Number of protein chains: 6
Amino acid sequence: MDVNAEDFFFSGLNKPGNTNNRLGSNVTAVDVNKIAGLNTLGISLALIDFAPYGLNRPHTHPRATEVLTVIEGTLHVGFVTSNPQNRLIFKVLNAGDVFVFPEGLIHFQFNRGHKNAVAIAGLSSQNPGVITVANAVFGSNPKIDESILAKAFQVDKKVIDYLQSQFWMDNNN
Amino acid sequence: MDVNAEDFFFSGLNKPGNTNNRLGSNVTAVDVNKIAGLNTLGISLALIDFAPYGLNRPHTHPRATEVLTVIEGTLHVGFVTSNPQNRLIFKVLNAGDVFVFPEGLIHFQFNRGHKNAVAIAGLSSQNPGVITVANAVFGSNPKIDESILAKAFQVDKKVIDYLQSQFWMDNNN
Amino acid sequence: MDVNAEDFFFSGLNKPGNTNNRLGSNVTAVDVNKIAGLNTLGISLALIDFAPYGLNRPHTHPRATEVLTVIEGTLHVGFVTSNPQNRLIFKVLNAGDVFVFPEGLIHFQFNRGHKNAVAIAGLSSQNPGVITVANAVFGSNPKIDESILAKAFQVDKKVIDYLQSQFWMDNNN
Amino acid sequence: MDVNAEDFFFSGLNKPGNTNNRLGSNVTAVDVNKIAGLNTLGISLALIDFAPYGLNRPHTHPRATEVLTVIEGTLHVGFVTSNPQNRLIFKVLNAGDVFVFPEGLIHFQFNRGHKNAVAIAGLSSQNPGVITVANAVFGSNPKIDESILAKAFQVDKKVIDYLQSQFWMDNNN
Amino acid sequence: MDVNAEDFFFSGLNKPGNTNNRLGSNVTAVDVNKIAGLNTLGISLALIDFAPYGLNRPHTHPRATEVLTVIEGTLHVGFVTSNPQNRLIFKVLNAGDVFVFPEGLIHFQFNRGHKNAVAIAGLSSQNPGVITVANAVFGSNPKIDESILAKAFQVDKKVIDYLQSQFWMDNNN
Amino acid sequence: MDVNAEDFFFSGLNKPGNTNNRLGSNVTAVDVNKIAGLNTLGISLALIDFAPYGLNRPHTHPRATEVLTVIEGTLHVGFVTSNPQNRLIFKVLNAGDVFVFPEGLIHFQFNRGHKNAVAIAGLSSQNPGVITVANAVFGSNPKIDESILAKAFQVDKKVIDYLQSQFWMDNNN
């Protein structure tokens with residue numbers, strides 16, 4: 001193959017992602033869609049920026065484990081184990097701390113502090129995928145039938161209507 | 001190894017699971033915890049029973065694709081693709097219909113009809129795991145901080161309090 | 001990718017396969033050739049119908065473990081372990097019973113009863129393949145040299161000639 | 001780990017295997033049972049010796065592809081593809097020729113000549129397993145019911161009785 | 001399993017590694033030996049610190065691809081493709097740049113500048129291993145025979161003697 | 001697929017490779033580039049010929065474990081374990097001896113005797129790749145900066161200049 005350095009290169013993780021949104025967070029994925037040379041190699045990276053009180057909402061990666069390290073700031077992070085235990089495994093991380101989110105489990109990161117926070121994550125797939133729980137459940141296109149979601153979440157259909165009428169932004173880029 | 005037939009055997013899928021619960025559904029998993037001989041072999045089965053209007057709520061299998069076939073009744077099924085599209089891929093299934101839920105994606109099955117429904121599913125892992133979204137997000141132990149969930153789902157903390165105070169039963173056995 | 005529900009769907013397993021053949025059995029495979037969306041996902045299904053005394057002859061799946069569950073009727077099933085032990089692991093299965101046939105091992109299912117039987121199997125590959133021993137050994141195209149088979153099976157060449165002159169139907173569809 | 005060279009070493013492939021048996025062949029496997037250091041590494045070797053007219057009978061490796069090279073002599077080799085085609089892929093090999101037997105397919109090697117032949121094979125598993133068709137089908141312990149085999153091979157039960165009463169030696173060591 | 005947050009946690013990557021050595025570099029690996037929860041999950045991280053003119057010498061990871069991102073400073077990095085081309089794929093990286101070193105290939109990072117540099121790398125194995133070429137070739141224990149190395153590197157045995165008499169420090173921790 | 005025997009066949013390993021070169025060795029790889037039918041099957045072979053005092057220099061296979069057996073002659077072989085131990089695992093092999101070189105580790109084979117030697121190796125990939133250390137480090141195209149190599153190998157730049165000016169032949173075919 002006639003590869004060159006550009007096939008293995010990506011630039012721009014030094015520029016903070018735009019966190020000027022209602023979540024106060026931004027994920028910049030560096031996966032096979034950004035670096036063609038990652039094809040079949042089973043790994044990718046992501047940069048996660050947090051404004052004060054910024055949240056990377058509960059989500060899963062359907063094809064990857066994530067190992068995150070905090071570059072700057074303080075993050076409250078956690079994942080929840082599978083049924084039936086659904087244990088929350090939780091930790092407050094400071095700069096230099098590393099945490100693992102095992103493949104397919106729902107996890108989140110929250111910047112409780114009043115300063116920015118930055119993290120870098122390695123993911124065990126060149127194409128890990130992201131499923132934000134709120135977006136997939138309440139913001140799908142077309143919508144999931146409200147009677148299904150009302151029963152699933154044990155709330156009135158009005159609550160589901162309200163949730164489905166929201167704009168569910170995606171902070172992954 | 002001194003194996004015998006019992007190491008590869010499980011019985012009881014002819015008995016309908018108990019759907020006398022608020023979800024009106026029951027999942028009987030036949031995985032490596034039930035059949036030791038499945039160890040390392042990359043497959044398992046599940047029986048899913050539905051009372052009328054029974055729901056198998058939105059959930060994921062963190063380590064498996066699922067292929068479901070309807071034995072009896074009618075099921076409304078769907079899965080949602082990853083960010084950013086979050087497309088709902090939806091189908092009404094009758095007896096003899098087969099549907100695929102790709103690895104790690106959020107999916108559900110709902111018996112809209114007034115008769116029982118039964119499905120059998122193959123899963124591409126001897127230990128696929130189940131994560132029911134509502135249970136993991138609102139019923140974890142300990143609970144996820146309500147301010148995180150309020151921000152994640154764009155609702156008032158009171159709604160989160162209400163959701164977290166529910167009993168989130170697990171219909172997987 | 002611009003997928004839709006049809007890419008993940010197959011119908012027709014409610015119609016009994018045609019067992020009006022000398023074996024009294026029929027296998028309907030639902031693999032990646034039937035459902036394109038199974039590509040790379042590592043799983044498929046099969047429906048197996050048996051007339052009274054119907055037999056699914058000794059065969060292997062070169063790329064898959066099989067987990068079978070009996071929907072209706074009674075099946076005598078077994079597999080044989082590798083050299084040098086060649087142990088027959090055998091079980092009589094009734095409706096609701098589940099049995100595992102590990103990857104690559106020779107196995108069979110036989111309906112000893114006088115009623116129909118039906119089974120559904122999950123297989124740990126989207127393209128498991130089927131090798132019926134009799135067909136591959138005695139019905140290949142072109143034929144395996146009769147002197148090789150005579151020596152392999154310790155019988156007279158006339159027996160091999162007889163066997164090779166049979167029509168070896170394939171009950172897999 | 002405190003490994004040493006003996007963990008990665010096996011000796012003796014220079015001594016011809018004992019082909020003084022009714023098959024006129026001998027397989028010496030060098031797998032993880034012989035070299036502990038092969039554990040998890042996904043490869044093994046085998047030496048196959050043939051007396052004149054020696055046969056390595058139709059068999060499969062349930063967990064491995066085989067790549068064979070002839071060191072000495074002439075071998076008639078072949079494998080049969082899966083259902084429904086069951087094509088015999090056949091070749092006469094001389095010293096220095098290489099042939100591939102894909103994972104799980106039934107294959108054989110036969111020394112048609114009046115001189116000894118020797119081959120070395122690489123297998124894509126540290127524990128490939130061997131299933132000799134005749135031994136597994138007619139020499140299992142306990143035996144497969146004769147009525148099943150009579151139906152499977154379309155012969156009289158007497159032929160099955162005869163076959164099951166043979167001594168099915170195993171030429172794998 | 002009775003896991004807790006400590007099984008998925010490591011701290012200390014905020015403290016610069018000790019680069020006060022002749023290489024002017026330090027690698028802090030965060031693999032399954034540091035975080036037990038990474039077991040079987042197929043990923044790990046490493047922090048690499050560089051003093052001015054610090055070098056992370058040519059090395060390979062026998063079981064992993066590496067994706068590196070520069071946190072601070074400027075690095076000259078490269079890898080060499082396999083025989084017969086042995087192309088050097090080379091790039092100067094600044095803060096925020098990402099580069100891929102495919103599995104098993106020899107690669108290096110050099111801080112040409114007069115300021116410190118810091119990089120974080122994701123690796124596609126929980127136990128990637130490191131083989132520093134100079135240490136493995138000239139600093140093995142016991143030593144490789146000097147006549148072998150003299151022939152391999154086309155130099156006089158005195159050069160090999162000199163090389164083998166050096167202290168080959170390991171900057172991986 | 002419309003395969004035939006030629007897709008699984010290669011000939012010529014009976015002809016000694018040309019060892020009339022400064023290394024006195026020759027590697028004939030039989031991988032997916034030579035046999036298309038090996039695609040995805042995870043195995044390949046190589047023939048290695050040695051003139052007296054012939055050397056197969058220190059090299060790695062980035063994607064494969066190698067299992068070598070000596071057909072003729074005597075070989076001194078070894079591999080070096082990863083950092084920090086860098087233990088040389090060493091053995092003198094005679095005809096019929098088998099040795100394992102685990103995936104990605106630097107290894108070599110040397111014919112110390114005054115007669116030819118021949119070995120056959122199985123490799124656990126259809127495309128294992130070869131990286132000869134000397135060629136990749138000192139013979140890359142373009143060259144690695146001499147100051148980097150001088151620092152990496154703790155020698156004067158003149159030594160690096162000398163090494164980089166050599167012709168680094170590749171004995172792999």
# chains A, B, ... in the order shown; residues from 1 in each chain; ligands from 1
$ calpha_fit_and_write --fixed "chain E" --moving "chain A" --output "mmCIF file with C-alpha atoms, in the first residue's frame"
data_model
loop_
_atom_site.group_PDB
_atom_site.id
_atom_site.type_symbol
_atom_site.label_atom_id
_atom_site.label_comp_id
_atom_site.auth_asym_id
_atom_site.auth_seq_id
_atom_site.Cartn_x
_atom_site.Cartn_y
_atom_site.Cartn_z
ATOM 1 C CA MET A 1 -17.905 -10.108 40.952
ATOM 2 C CA ASP A 2 -17.489 -7.804 43.861
ATOM 3 C CA VAL A 3 -15.629 -5.008 42.132
ATOM 4 C CA ASN A 4 -15.239 -1.472 43.383
ATOM 5 C CA ALA A 5 -13.986 1.811 41.991
ATOM 6 C CA GLU A 6 -10.386 1.150 42.999
ATOM 7 C CA ASP A 7 -10.283 -1.768 40.538
ATOM 8 C CA PHE A 8 -10.768 0.702 37.670
ATOM 9 C CA PHE A 9 -8.609 3.560 38.958
ATOM 10 C CA PHE A 10 -5.000 4.748 38.778
ATOM 11 C CA SER A 11 -3.542 8.074 39.875
ATOM 12 C CA GLY A 12 -0.372 9.982 39.292
ATOM 13 C CA LEU A 13 -0.176 10.881 35.584
ATOM 14 C CA ASN A 14 -0.126 14.560 36.583
ATOM 15 C CA LYS A 15 3.344 14.107 38.065
ATOM 16 C CA PRO A 16 5.963 14.336 35.317
ATOM 17 C CA GLY A 17 7.975 11.142 35.004
ATOM 18 C CA ASN A 18 11.630 11.373 35.920
ATOM 19 C CA THR A 19 13.495 12.320 32.745
ATOM 20 C CA ASN A 20 16.777 12.910 34.531
ATOM 21 C CA ASN A 21 18.486 10.084 32.681
ATOM 22 C CA ARG A 22 20.676 9.780 29.626
ATOM 23 C CA LEU A 23 17.682 9.417 27.335
ATOM 24 C CA GLY A 24 15.847 12.404 28.743
ATOM 25 C CA SER A 25 12.536 10.558 28.590
ATOM 26 C CA ASN A 26 10.226 8.496 30.745
ATOM 27 C CA VAL A 27 7.276 6.243 29.938
ATOM 28 C CA THR A 28 4.622 5.573 32.591
ATOM 29 C CA ALA A 29 2.495 2.658 31.437
ATOM 30 C CA VAL A 30 -1.046 2.309 32.817
ATOM 31 C CA ASP A 31 -1.804 -1.273 31.858
ATOM 32 C CA VAL A 32 -3.428 -4.314 33.464
ATOM 33 C CA ASN A 33 -0.530 -4.545 35.908
ATOM 34 C CA LYS A 34 -1.582 -1.140 37.267
ATOM 35 C CA ILE A 35 -5.398 -1.390 36.850
ATOM 36 C CA ALA A 36 -6.734 -4.901 37.412
ATOM 37 C CA GLY A 37 -10.113 -3.951 35.923
ATOM 38 C CA LEU A 38 -8.529 -3.716 32.455
ATOM 39 C CA ASN A 39 -8.296 -7.513 32.305
ATOM 40 C CA THR A 40 -9.576 -8.790 28.913
ATOM 41 C CA LEU A 41 -10.725 -5.302 27.891
ATOM 42 C CA GLY A 42 -8.127 -4.724 25.180
ATOM 43 C CA ILE A 43 -6.853 -1.251 25.976
ATOM 44 C CA SER A 44 -4.327 0.640 28.109
ATOM 45 C CA LEU A 45 -2.697 4.082 28.322
ATOM 46 C CA ALA A 46 0.801 5.492 28.692
ATOM 47 C CA LEU A 47 2.197 8.886 29.632
ATOM 48 C CA ILE A 48 5.474 9.865 27.943
ATOM 49 C CA ASP A 49 7.572 12.715 29.318
ATOM 50 C CA PHE A 50 10.475 14.279 27.433
ATOM 51 C CA ALA A 51 13.180 16.626 28.654
ATOM 52 C CA PRO A 52 14.699 18.860 25.971
ATOM 53 C CA TYR A 53 16.317 16.590 23.389
ATOM 54 C CA GLY A 54 14.744 13.629 25.141
ATOM 55 C CA LEU A 55 14.319 10.468 23.076
ATOM 56 C CA ASN A 56 11.949 7.526 23.336
ATOM 57 C CA ARG A 57 14.183 5.121 21.415
ATOM 58 C CA PRO A 58 13.123 2.852 18.535
ATOM 59 C CA HIS A 59 10.868 0.173 20.044
ATOM 60 C CA THR A 60 7.857 -2.007 19.286
ATOM 61 C CA HIS A 61 4.748 -3.117 21.130
ATOM 62 C CA PRO A 62 4.386 -6.802 20.254
ATOM 63 C CA ARG A 63 0.629 -6.872 20.928
ATOM 64 C CA ALA A 64 -0.692 -3.338 20.307
ATOM 65 C CA THR A 65 -1.254 -0.403 18.022
ATOM 66 C CA GLU A 66 -0.477 2.973 19.634
ATOM 67 C CA VAL A 67 -2.335 6.253 19.126
ATOM 68 C CA LEU A 68 -0.361 9.159 20.581
ATOM 69 C CA THR A 69 -1.404 12.742 21.166
ATOM 70 C CA VAL A 70 0.967 15.546 22.100
ATOM 71 C CA ILE A 71 -0.117 17.460 25.207
ATOM 72 C CA GLU A 72 2.790 19.860 25.300
ATOM 73 C CA GLY A 73 5.870 20.628 23.211
ATOM 74 C CA THR A 74 7.039 19.396 19.832
ATOM 75 C CA LEU A 75 7.920 15.826 18.895
ATOM 76 C CA HIS A 76 9.570 14.316 15.861
ATOM 77 C CA VAL A 77 7.974 10.897 15.459
ATOM 78 C CA GLY A 78 8.136 8.079 12.982
ATOM 79 C CA PHE A 79 7.638 4.399 12.270
ATOM 80 C CA VAL A 80 9.206 2.117 9.677
ATOM 81 C CA THR A 81 7.108 -0.205 7.530
ATOM 82 C CA SER A 82 7.841 -3.920 7.147
ATOM 83 C CA ASN A 83 10.278 -5.519 4.670
ATOM 84 C CA PRO A 84 10.972 -5.084 1.853
ATOM 85 C CA GLN A 85 10.077 -1.392 1.685
ATOM 86 C CA ASN A 86 11.143 -0.243 5.182
ATOM 87 C CA ARG A 87 9.664 3.158 4.500
ATOM 88 C CA LEU A 88 10.076 5.737 7.253
ATOM 89 C CA ILE A 89 6.691 7.379 7.876
ATOM 90 C CA PHE A 90 7.663 10.575 9.638
ATOM 91 C CA LYS A 91 5.955 13.673 11.075
ATOM 92 C CA VAL A 92 6.687 16.655 13.301
ATOM 93 C CA LEU A 93 3.932 16.899 15.899
ATOM 94 C CA ASN A 94 2.876 19.872 17.973
ATOM 95 C CA ALA A 95 0.467 20.096 20.884
ATOM 96 C CA GLY A 96 -2.912 18.698 19.852
ATOM 97 C CA ASP A 97 -1.541 16.528 17.051
ATOM 98 C CA VAL A 98 -2.361 12.819 16.948
ATOM 99 C CA PHE A 99 -0.316 10.044 15.298
ATOM 100 C CA VAL A 100 -0.794 6.291 14.863
ATOM 101 C CA PHE A 101 1.946 3.639 15.228
ATOM 102 C CA PRO A 102 0.500 0.379 13.801
ATOM 103 C CA GLU A 103 0.829 -2.876 15.740
ATOM 104 C CA GLY A 104 4.305 -4.374 15.942
ATOM 105 C CA LEU A 105 6.131 -1.721 13.873
ATOM 106 C CA ILE A 106 9.369 -0.079 15.080
ATOM 107 C CA HIS A 107 8.715 3.539 16.065
ATOM 108 C CA PHE A 108 10.275 6.394 18.048
ATOM 109 C CA GLN A 109 9.563 9.878 19.446
ATOM 110 C CA PHE A 110 12.165 12.617 19.794
ATOM 111 C CA ASN A 111 11.879 16.039 21.424
ATOM 112 C CA ARG A 112 14.051 18.174 19.193
ATOM 113 C CA GLY A 113 13.131 21.384 20.998
ATOM 114 C CA HIS A 114 14.628 22.990 24.075
ATOM 115 C CA LYS A 115 11.452 22.740 26.160
ATOM 116 C CA ASN A 116 9.826 19.762 27.811
ATOM 117 C CA ALA A 117 7.286 17.743 25.901
ATOM 118 C CA VAL A 118 4.478 15.500 27.114
ATOM 119 C CA ALA A 119 2.384 12.954 25.237
ATOM 120 C CA ILE A 120 -0.398 10.536 26.130
ATOM 121 C CA ALA A 121 -0.864 7.316 24.192
ATOM 122 C CA GLY A 122 -3.672 4.775 23.947
ATOM 123 C CA LEU A 123 -2.617 1.179 23.212
ATOM 124 C CA SER A 124 -4.889 -1.561 21.845
ATOM 125 C CA SER A 125 -4.096 -4.174 24.503
ATOM 126 C CA GLN A 126 -4.378 -4.348 28.276
ATOM 127 C CA ASN A 127 -0.849 -5.778 28.194
ATOM 128 C CA PRO A 128 0.879 -4.328 25.122
ATOM 129 C CA GLY A 129 4.500 -5.037 26.091
ATOM 130 C CA VAL A 130 7.505 -2.924 25.077
ATOM 131 C CA ILE A 131 10.614 -4.069 23.237
ATOM 132 C CA THR A 132 13.323 -1.440 23.023
ATOM 133 C CA VAL A 133 15.431 -2.470 20.047
ATOM 134 C CA ALA A 134 18.806 -1.528 21.548
ATOM 135 C CA ASN A 135 18.047 -3.244 24.852
ATOM 136 C CA ALA A 136 16.744 -6.442 23.324
ATOM 137 C CA VAL A 137 19.510 -6.733 20.735
ATOM 138 C CA PHE A 138 22.547 -5.477 22.655
ATOM 139 C CA GLY A 139 21.426 -5.692 26.267
ATOM 140 C CA SER A 140 19.779 -9.096 26.528
ATOM 141 C CA ASN A 141 20.519 -11.429 29.408
ATOM 142 C CA PRO A 142 22.457 -13.537 28.563
ATOM 143 C CA LYS A 143 23.994 -11.742 25.603
ATOM 144 C CA ILE A 144 23.393 -12.755 22.001
ATOM 145 C CA ASP A 145 26.590 -14.258 20.562
ATOM 146 C CA GLU A 146 28.760 -11.436 19.258
ATOM 147 C CA SER A 147 29.481 -13.220 15.988
ATOM 148 C CA ILE A 148 25.739 -13.337 15.240
ATOM 149 C CA LEU A 149 25.335 -9.617 15.911
ATOM 150 C CA ALA A 150 28.514 -8.708 14.013
ATOM 151 C CA LYS A 151 27.132 -10.479 10.962
ATOM 152 C CA ALA A 152 23.622 -9.082 11.467
ATOM 153 C CA PHE A 153 24.777 -5.477 11.674
ATOM 154 C CA GLN A 154 27.789 -5.762 9.343
ATOM 155 C CA VAL A 155 30.231 -4.370 11.850
ATOM 156 C CA ASP A 156 33.378 -5.584 13.535
ATOM 157 C CA LYS A 157 33.024 -7.693 16.671
ATOM 158 C CA LYS A 158 34.716 -4.887 18.567
ATOM 159 C CA VAL A 159 31.779 -2.640 17.831
ATOM 160 C CA ILE A 160 29.440 -5.325 19.124
ATOM 161 C CA ASP A 161 31.615 -5.777 22.224
ATOM 162 C CA TYR A 162 31.423 -2.066 22.834
ATOM 163 C CA LEU A 163 27.670 -2.028 22.394
ATOM 164 C CA GLN A 164 27.122 -5.052 24.609
ATOM 165 C CA SER A 165 29.248 -3.521 27.359
ATOM 166 C CA GLN A 166 27.000 -0.460 27.626
ATOM 167 C CA PHE A 167 24.355 -0.082 30.282
ATOM 168 C CA TRP A 168 21.019 -0.136 28.454
ATOM 169 C CA MET A 169 18.624 1.590 30.776
ATOM 170 C CA ASP A 170 14.914 1.060 30.435
ATOM 171 C CA ASN A 171 12.830 4.235 30.529
ATOM 172 C CA ASN A 172 9.540 2.335 30.867
ATOM 173 C CA ASN A 173 7.855 2.342 34.282
#
$ select_by_dssp --residues "chain E" --states "alpha helix (DSSP H)" --output "ChimeraX atom specification"
/E:133-138,146-153,157-165
